[in-house]
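*Asks:* The structure's right below; bear with me while I get my questions together.
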Amino acid sequence: MLAVAVLAAGKGTRMKSSLPKVLQPLAGATLLERVIKCTNSLEPNRLLLIVGHQAERVQQQLQAHPGKPEFVIQQPQNGTGHAIQQLLEPLSDFKGDLLVLNGDVPLLRAETLEKLLQLHRNSGSSVSLLAAHLENPKGYGRVFSNENGRVDQIIEDRDCDESQRLNTLINAGIYCFKWTELQKVLPKLKSDNDQGELYLTDTVKLLGNATHLEVNDISEITGINDRCQLAECESYLQKRLREHWLKEGVSFIDPTSCTISEETRFGKDVVVEPQCHFRGECSIGNFSKIGPGSVITNSSIGENVSVLMSVINGATIGDNCSVGPFAHLRPEAIIAAEVRIGNFVEIKKSKIATGCKINHLSYIGDAILGSNVNIGAGTITANYDGKTKHISLIGNQCKIGANTVLVAPIEIGNNVVVGAGSTITKDVPDGSLAIARSRQYTKEDYHD
Ligand code: UD1
Ligand code: MG
């Protein structure tokens, strides 16, 4: 039996943020989501999140999480030992191992946790913990082990004397306990330390049978306590993602100027120009060229597409399209293959069929366009009457003249030509020419 508890009650004072620390985002996911994710493969029987500072906000964000977390309230927050004391009641009948994770250590790998669990179960220790040698161990608790590799005690940085502070073996804040043994020592914790808190780390000495696993990749156990560490972690993750995609056949012209979410997928021979950002779930097809200067969010882009200086959010784009410069594709813009979307064009919740051209200065919203439609510069679908959104239907092969306003709801048939400058308020049947503008009056010799 395995229970996982995540310490997520702390305020994160050093962040100086109105957001609880564990909800700070890192490459598109919160710190807490990342910590929980790395326990998925262990398939824990129970997942307990210890919340306190802004508990409701944390609960709200995590309650729909597939791991079915149980929330345990720690109020007030009197230290990591006090946090785990709150489990005495919900785990009163529990008999297995308890894996404790710090909610602010987000880069941990599932394999490392599996190794820790294995070591714990094979060694018969009361507690097994992750440790690492750090060049700069400042701020971390120091792990004091004897010649047999057993851990005697952990002393927090601020409670160390000068010689103890020279020890570079630090506590990562990740532990596996035999719960029935921890149950017995938790009530014995004392707050006789610099912070006057109950430290979980003090259980190590009380249990008297501790072992540790040293982690080689120290980034895995980096704790996030302030925004400098958050930024370092972000750039580390970004570097890892970029290197992955570079090795998979994606060219980045200026890699460090781009950011990628973990849920973005690229095909082969994609070229990403400088200053491009991929957020949420994105997929970019083979041979596409993105950027410079584009932000793509939750969108799917086909093969051989060119996107220049554009913002694309919640859109789907077919093969061989060209987008931009300066286009804005908004949620539910569904663009078929071979479509050209040019400068200063905004498209929202619209289906655009193959071969359409919307090249300049247009707004297309709540519209359905047939194939090979040419939308003249400055065309607007007036979709909103102040209360409700209405639909514009435009048939195949239409030519909509420049500066047209299509007042929705409206249906334009196939092969329709609309004269430039028209405000179209009535449906137009197949094969017609529609013009709706005042006639030009020219008075000659006006100045004489
Ligand atoms: C802790 C460890 C330290 C270790 C470091 C690793 C203790 C006493 N010290 O120190 O040995 O090197 O992590 O990153 O455990 N929290 C609660 N309730 C509380 C206090 C904290 O849930 O009352 C949570 C925080 O939200 C955070 C985690 O516990 O997720 C760790 O707390 P933090 O204050 O960051 O401890 P550190 O000083 O980093
Ligand atoms: Mg910390």
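By order in the structure tokens, chains are A, B, ...; within a chain, residues start at 1; ligands start at 1, following the order shown.
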Based on DSSP run over this structure's backbone, return all residues of segment 152-395 of chain A in helix (DSSP H, G or I), as a ChimeraX atom specification.
*Replies:* /A:157-159,162-165,179-188,200-207,218-221,227-247,255-257
*Asks:* Can you tell me which residues surround Asp157 of chain A at a distance of at most 12 Å, considering only C-alpha atoms, apart from same-chain residues fewer than 6 positions away, and format the answer as a tab-separated table (two decimals) with N, CA and C atoms, in the first residue's frame?
*Replies:*
chain	number	residue	atom	x	y	z
A	136	ASN	N	26.45	24.85	-3.90
A	136	ASN	CA	25.97	25.91	-3.03
A	136	ASN	C	24.73	25.41	-2.26
A	137	PRO	N	24.95	24.86	-1.07
A	137	PRO	CA	23.85	24.23	-0.34
A	137	PRO	C	23.03	25.20	0.50
A	138	LYS	N	23.30	26.47	0.34
A	138	LYS	CA	22.65	27.48	1.18
A	138	LYS	C	21.12	27.35	1.15
A	139	GLY	N	20.53	27.40	2.32
A	139	GLY	CA	19.07	27.36	2.43
A	139	GLY	C	18.49	25.97	2.62
A	140	TYR	N	19.26	24.96	2.27
A	140	TYR	CA	18.75	23.59	2.41
A	140	TYR	C	19.13	22.98	3.76
A	141	GLY	N	18.32	22.02	4.20
A	141	GLY	CA	18.68	21.24	5.37
A	141	GLY	C	19.86	20.33	5.02
A	142	ARG	N	20.80	20.15	5.98
A	142	ARG	CA	21.98	19.30	5.70
A	142	ARG	C	21.75	17.90	6.25
A	143	VAL	N	22.19	16.93	5.45
A	143	VAL	CA	22.00	15.52	5.82
A	143	VAL	C	23.31	15.00	6.42
A	163	SER	N	30.60	24.83	11.21
A	163	SER	CA	31.22	23.63	10.64
A	163	SER	C	30.15	22.73	10.02
A	164	GLN	N	28.98	22.68	10.61
A	164	GLN	CA	27.90	21.86	10.02
A	164	GLN	C	27.47	22.41	8.67
A	165	ARG	N	27.55	23.72	8.55
A	165	ARG	CA	27.12	24.38	7.31
A	165	ARG	C	28.04	24.01	6.14
A	166	LEU	N	29.25	23.52	6.45
A	166	LEU	CA	30.20	23.14	5.39
A	166	LEU	C	29.77	21.84	4.70
A	167	ASN	N	28.89	21.10	5.35
A	167	ASN	CA	28.39	19.86	4.76
A	167	ASN	C	27.56	20.19	3.52
A	168	THR	N	27.93	19.59	2.38
A	168	THR	CA	27.22	19.95	1.13
A	168	THR	C	26.14	18.93	0.77
A	169	LEU	N	25.96	17.91	1.61
A	169	LEU	CA	24.90	16.92	1.32
A	169	LEU	C	23.57	17.48	1.85
A	170	ILE	N	22.66	17.75	0.93
A	170	ILE	CA	21.42	18.42	1.34
A	170	ILE	C	20.20	17.49	1.27
A	171	ASN	N	19.19	17.87	2.04
A	171	ASN	CA	17.92	17.15	2.05
A	171	ASN	C	17.02	17.71	0.95
A	193	ASN	N	13.68	25.28	17.48
A	193	ASN	CA	14.61	25.64	16.41
A	193	ASN	C	14.44	27.11	16.08
A	194	ASP	N	15.27	27.57	15.16
A	194	ASP	CA	15.32	29.00	14.84
A	194	ASP	C	13.96	29.57	14.40
A	195	GLN	N	13.18	28.73	13.69
A	195	GLN	CA	11.88	29.23	13.19
A	195	GLN	C	10.74	28.97	14.16
A	201	THR	N	11.84	17.07	9.27
A	201	THR	CA	13.21	16.56	9.22
A	201	THR	C	13.67	16.01	10.57
*Asks:* Expressed in Å to a single decimal, how great is the separation between atom CA of Cys228 of chain A and atom CA of Leu241 of chain A?
*Replies:* 20.0 Å
*Asks:* If you count only C-alpha atoms, which residues fall within 12 Å of Thr316 of chain A, apart from same-chain ones fewer than 4 positions away, as a VMD selection string?
*Replies:* chain A and resid 281 to 285 296 to 303 305 312 321 323 329 to 337 339 347 to 353
*Asks:* Next, the residues of the selection above should be written as a PDB file, in the first residue's frame with C-alpha atoms.
*Replies:*
ATOM      1  CA  GLU A 281      -1.385  21.815 -26.698  1.00  0.00           C
ATOM      2  CA  CYS A 282       0.033  22.635 -30.111  1.00  0.00           C
ATOM      3  CA  SER A 283       1.001  20.532 -33.083  1.00  0.00           C
ATOM      4  CA  ILE A 284       3.043  21.829 -35.988  1.00  0.00           C
ATOM      5  CA  GLY A 285       3.222  19.742 -39.177  1.00  0.00           C
ATOM      6  CA  ILE A 296       0.676  29.862 -30.955  1.00  0.00           C
ATOM      7  CA  THR A 297      -1.651  28.560 -28.250  1.00  0.00           C
ATOM      8  CA  ASN A 298      -3.686  25.316 -28.226  1.00  0.00           C
ATOM      9  CA  SER A 299      -3.628  25.124 -32.008  1.00  0.00           C
ATOM     10  CA  SER A 300      -2.972  22.598 -34.703  1.00  0.00           C
ATOM     11  CA  ILE A 301      -1.018  23.662 -37.781  1.00  0.00           C
ATOM     12  CA  GLY A 302      -0.707  21.396 -40.817  1.00  0.00           C
ATOM     13  CA  GLU A 303       2.246  20.677 -43.116  1.00  0.00           C
ATOM     14  CA  VAL A 305       2.363  26.201 -43.476  1.00  0.00           C
ATOM     15  CA  ILE A 312      -2.969  31.966 -33.219  1.00  0.00           C
ATOM     16  CA  CYS A 321      -1.618  27.701 -45.812  1.00  0.00           C
ATOM     17  CA  VAL A 323      -0.824  33.217 -42.297  1.00  0.00           C
ATOM     18  CA  LEU A 329      -6.692  33.573 -35.451  1.00  0.00           C
ATOM     19  CA  ARG A 330      -8.965  33.082 -32.474  1.00  0.00           C
ATOM     20  CA  PRO A 331     -10.696  30.057 -30.952  1.00  0.00           C
ATOM     21  CA  GLU A 332     -12.562  27.789 -33.354  1.00  0.00           C
ATOM     22  CA  ALA A 333     -11.060  29.279 -36.464  1.00  0.00           C
ATOM     23  CA  ILE A 334     -10.933  26.179 -38.672  1.00  0.00           C
ATOM     24  CA  ILE A 335      -8.933  26.794 -41.784  1.00  0.00           C
ATOM     25  CA  ALA A 336      -8.751  24.149 -44.560  1.00  0.00           C
ATOM     26  CA  ALA A 337      -5.750  23.584 -46.840  1.00  0.00           C
ATOM     27  CA  VAL A 339      -5.781  29.164 -47.624  1.00  0.00           C
ATOM     28  CA  ILE A 347     -10.795  35.240 -37.745  1.00  0.00           C
ATOM     29  CA  LYS A 348     -12.984  33.886 -34.950  1.00  0.00           C
ATOM     30  CA  LYS A 349     -15.211  30.776 -34.789  1.00  0.00           C
ATOM     31  CA  SER A 350     -15.350  30.355 -38.545  1.00  0.00           C
ATOM     32  CA  LYS A 351     -14.854  27.579 -41.071  1.00  0.00           C
ATOM     33  CA  ILE A 352     -12.839  28.582 -44.090  1.00  0.00           C
ATOM     34  CA  ALA A 353     -12.787  26.026 -46.934  1.00  0.00           C
TER      35      ALA A 353
END
*Asks:* Could you list, as a ChimeraX atom specification, all protein and nucleic acid residues with an atom at most 9 Å from ligand 1, counting only C-alpha atoms and all ligand atoms?
*Replies:* /A:6-13,20-22,32,49-53,74-84,101-105,131,137,139-143,154-157,170-174,197-202,221-225
*Asks:* Applying 6 Å and only C-alpha atoms, which residues near Val270 of chain A remain after dropping the ones on its own chain fewer than 2 positions away? List them as a list in words.
*Replies:*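 Close residues of Val270 of chain A: Val250, Lys268, Asn286, Phe287, Ser288 and Lys289 of chain A.
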*Asks:* If you measure from atom CA of Ile394 of chain A to atom CA of Val307 of chain A, what distance in Å do you get, rounded to one decimal?
*Replies:*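 Atom CA of Val307 of chain A lies at a distance of 25.1 Å from atom CA of Ile394 of chain A.
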